[in-house]
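*Asks:* Let me begin by handing over the structure; questions about it come next.
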Amino acid sequence: DVAEALERMRVDFEQFDLEYRSALSEVETRLEVLRDEYLHLHDHNPIEHIVTRVKSAQSILRKAARRGLPFDLEVLRREITDIAGARVVLSFTEDVYRVFELFTSQPDIHLLQVKDYIDEPKPSGYRSLHVIVAVPVHFSTGTQEVTVEVQFRTIAMDFWASLEHKIHYKFDGDVPAEIAAELNEAATAAAAMDARMEHLHRQVRAHSAPE
Ligand code: 0O2
């Protein structure tokens, strides 16, 4: 069971934590470099903020148990792709795709999966661009490819997702139909807001462009 495995695998999970934290530092640094360079070249900061987290050993094991996976380190590494998670919040939808392209086209980043919930929102109304990558991390023992999930979203998408997450939690996943419907409408309004802000941003750029 989970409690017994937690005790038995404590040292393994310390190693896990080190690997995944290092991979997240790597990802964060690369995104910060892109942000700084973009600001320097185009006078626009596309990234509002980045948050990262490593899933706790308990959450990893619970997720594995839910999926019927054996508590084996190699299986967990392979099957649980969101042990390391980075959330990148950007100003505009066009920035989401631009930063995604720049980041995933780096030659040593291996793109494993893309789920575009902006193009095709989830039934809840959730929108974000989800990407799973393998990032090389150089340890004294050699180079390791570590899997990281990166979620790219705008401020409006992030605002919606954080509120929806709280509501979901409050109702223990069983959100009343009228609240779910209103949340869905709010997601549509957030998408309209994104389109409008991007339009405004383009107009401002056109004004300030040199003759
Ligand atoms: P937390 O607390 O954010 O870590 P799986 O990852 O296997 O559960 P799937 O479908 O493979 O499921 O992954 P998906 O849907 O691509 O990504 C799951 C993550 O996206 C979630 O992580 C959330 O962070 C986010 N997400 C997906 N759908 C919704 C939604 O409807 N509302 C909100 N607020 N967030 C969503 P976790 O592990 O569920 O939670």
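Following the order of the structure tokens, chains are lettered A, B, ..., residues in each are numbered from 1, and ligands are numbered from 1.
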I need the residues in chain A that are strand (DSSP E) according to DSSP; give them as number ranges by chain.
*Replies:* A: 47-54, 84-90, 110-116, 129-139, 142-154
*Asks:* Could you take the residues named above and write them with C-alpha atoms, as a short mmCIF file (atom, residue, chain, number, x, y, z; two decimals), in the first residue's frame?
*Replies:*
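Printed below is again-v6.cif as written:
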```
data_model
loop_
_atom_site.label_atom_id
_atom_site.label_comp_id
_atom_site.auth_asym_id
_atom_site.auth_seq_id
_atom_site.Cartn_x
_atom_site.Cartn_y
_atom_site.Cartn_z
CA ILE A 47 6.29 35.84 -19.89
CA GLU A 48 4.37 37.10 -16.87
CA HIS A 49 5.58 34.42 -14.48
CA ILE A 50 6.70 30.81 -14.13
CA VAL A 51 5.83 28.45 -11.31
CA THR A 52 7.28 25.01 -10.83
CA ARG A 53 6.59 22.11 -8.54
CA VAL A 54 7.73 18.54 -8.00
CA ALA A 84 7.97 17.72 -12.59
CA GLY A 85 5.57 20.46 -13.66
CA ALA A 86 6.20 24.00 -14.86
CA ARG A 87 3.41 26.46 -15.50
CA VAL A 88 4.31 29.38 -17.75
CA VAL A 89 1.89 32.30 -17.70
CA LEU A 90 2.14 34.60 -20.70
CA HIS A 110 12.86 16.21 -26.89
CA LEU A 111 9.21 16.85 -27.50
CA LEU A 112 7.25 13.82 -26.31
CA GLN A 113 3.66 15.06 -26.42
CA VAL A 114 1.58 18.17 -27.13
CA LYS A 115 -2.05 18.60 -26.03
CA ASP A 116 -3.56 21.81 -27.32
CA LEU A 129 -1.21 24.29 -24.06
CA HIS A 130 0.26 21.16 -22.43
CA VAL A 131 3.64 19.91 -23.47
CA ILE A 132 5.67 16.95 -22.25
CA VAL A 133 9.40 17.17 -22.90
CA ALA A 134 12.54 15.26 -21.97
CA VAL A 135 15.31 17.59 -20.79
CA PRO A 136 18.95 16.55 -20.41
CA VAL A 137 20.40 17.06 -16.94
CA HIS A 138 24.14 16.68 -16.42
CA PHE A 139 25.02 14.91 -13.17
CA GLY A 142 26.30 11.13 -16.41
CA THR A 143 23.58 12.82 -18.39
CA GLN A 144 19.99 11.92 -17.68
CA GLU A 145 16.92 12.68 -19.76
CA VAL A 146 14.24 13.85 -17.35
CA THR A 147 10.56 14.21 -18.24
CA VAL A 148 8.85 17.51 -17.48
CA GLU A 149 5.28 18.69 -18.13
CA VAL A 150 5.05 22.33 -19.15
CA GLN A 151 1.68 24.10 -19.19
CA PHE A 152 1.63 27.33 -21.21
CA ARG A 153 -1.35 29.64 -20.69
CA THR A 154 -2.36 33.30 -20.71
#
```
*Asks:* Taking only C-alpha atoms and all ligand atoms into account, report as a list in words which residues have an atom no farther than 7 Å from an atom of ligand 1.
*Replies:*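 I would give the residues around ligand 1 as Asp82, Lys115, Lys122, Ser124, Gly125, Tyr126, His130, Ala161, Ser162, Glu164 and His165 of chain A.
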*Asks:* Could you check which of A:Asp194, A:Val33, A:Val27, A:Ser56 is closest to Glu14 in chain A, using only C-alpha atoms?
*Replies:*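 Among the listed residues, A:Ser56 lies closest to Glu14 in chain A.
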*Asks:* Report, in Å with one decimal, the straight-line distance from CA of Ala186 in chain A to CA of Glu120 in chain A.
*Replies:*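 Distance between the two atoms: 16.1 Å.
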*Asks:* So which residues touch range 62-79 of chain A within 8 Å, counting only C-alpha atoms, skipping near sequence neighbours fewer than 2 positions away, as a PyMOL selection string?
*Replies:* chain A and resi 2+5+12+58-60+81+147
*Asks:* Write a file of the just-selected residues containing C-alpha atoms, as an mmCIF file, in the first residue's frame.
*Replies:*
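Produced file again-v6.cif, reproduced below:
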```
data_model
loop_
_atom_site.group_PDB
_atom_site.id
_atom_site.type_symbol
_atom_site.label_atom_id
_atom_site.label_comp_id
_atom_site.auth_asym_id
_atom_site.auth_seq_id
_atom_site.Cartn_x
_atom_site.Cartn_y
_atom_site.Cartn_z
ATOM 1 C CA VAL A 2 0.949 3.667 -0.363
ATOM 2 C CA ALA A 5 5.801 2.011 -0.104
ATOM 3 C CA ASP A 12 14.595 6.573 -3.891
ATOM 4 C CA GLN A 58 2.626 10.517 -1.802
ATOM 5 C CA SER A 59 0.857 12.057 -4.822
ATOM 6 C CA ILE A 60 3.038 10.055 -7.204
ATOM 7 C CA THR A 81 4.787 12.369 -16.863
ATOM 8 C CA THR A 147 10.557 14.206 -18.237
#
```
*Asks:* For CA of Met9 in chain A and CA of Leu24 in chain A, quote the distance in Å rounded to one decimal.
*Replies:*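 One can read the CA of Met9 in chain A to CA of Leu24 in chain A distance as 22.1 Å.
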*Asks:* Would you compute the distance between CA of Ala190 in chain A and CA of Val96 in chain A? Give it in Å to one decimal.
*Replies:*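 Going from CA of Ala190 in chain A over to CA of Val96 in chain A, I get 15.3 Å.
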*Asks:* Name the closest residue to Glu32 in chain A among the candidates A:Leu6, A:Leu102, A:Ile80, A:Ile109; distances are taken between atoms, counting only C-alpha atoms.
*Replies:*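 Looking at the shortest contact to Glu32 in chain A, the residue is A:Leu102.
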*Asks:* Between A:Ala177, A:Asp172, A:Glu182, A:Ala187, which is the closest to Arg127 in chain A once you count only C-alpha atoms?
*Replies:* A:Ala187
*Asks:* So, with only C-alpha atoms as the atoms that count, which of A:His201, A:Arg35, A:Arg8, A:Arg30 lies closest to Phe103 in chain A?
*Replies:*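 Closest to Phe103 in chain A, using only C-alpha atoms: A:Arg30.
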*Asks:* Could you go through range 16-187 of chain A and tell me which residues DSSP, when run on the backbone, assigns to helix (DSSP H, G or I), listing them as number ranges by chain?
*Replies:* A: 16-42, 57-66, 73-79, 93-104, 155-170, 177-187
*Asks:* For Tyr38 in chain A, which residue among A:Lys55, A:His199, A:Arg98, A:His207 is the nearest when counting only C-alpha atoms?
*Replies:*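 Once distances to Tyr38 in chain A are computed over only C-alpha atoms, the minimum belongs to A:Arg98.
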*Asks:* Leaving out Val99 in chain A and any residue of its chain fewer than 5 positions from it, which residues lie within 8 Å of it when counting only C-alpha atoms, given as a list in words?
*Replies:* Leu31, Leu34 and Pro46 of chain A
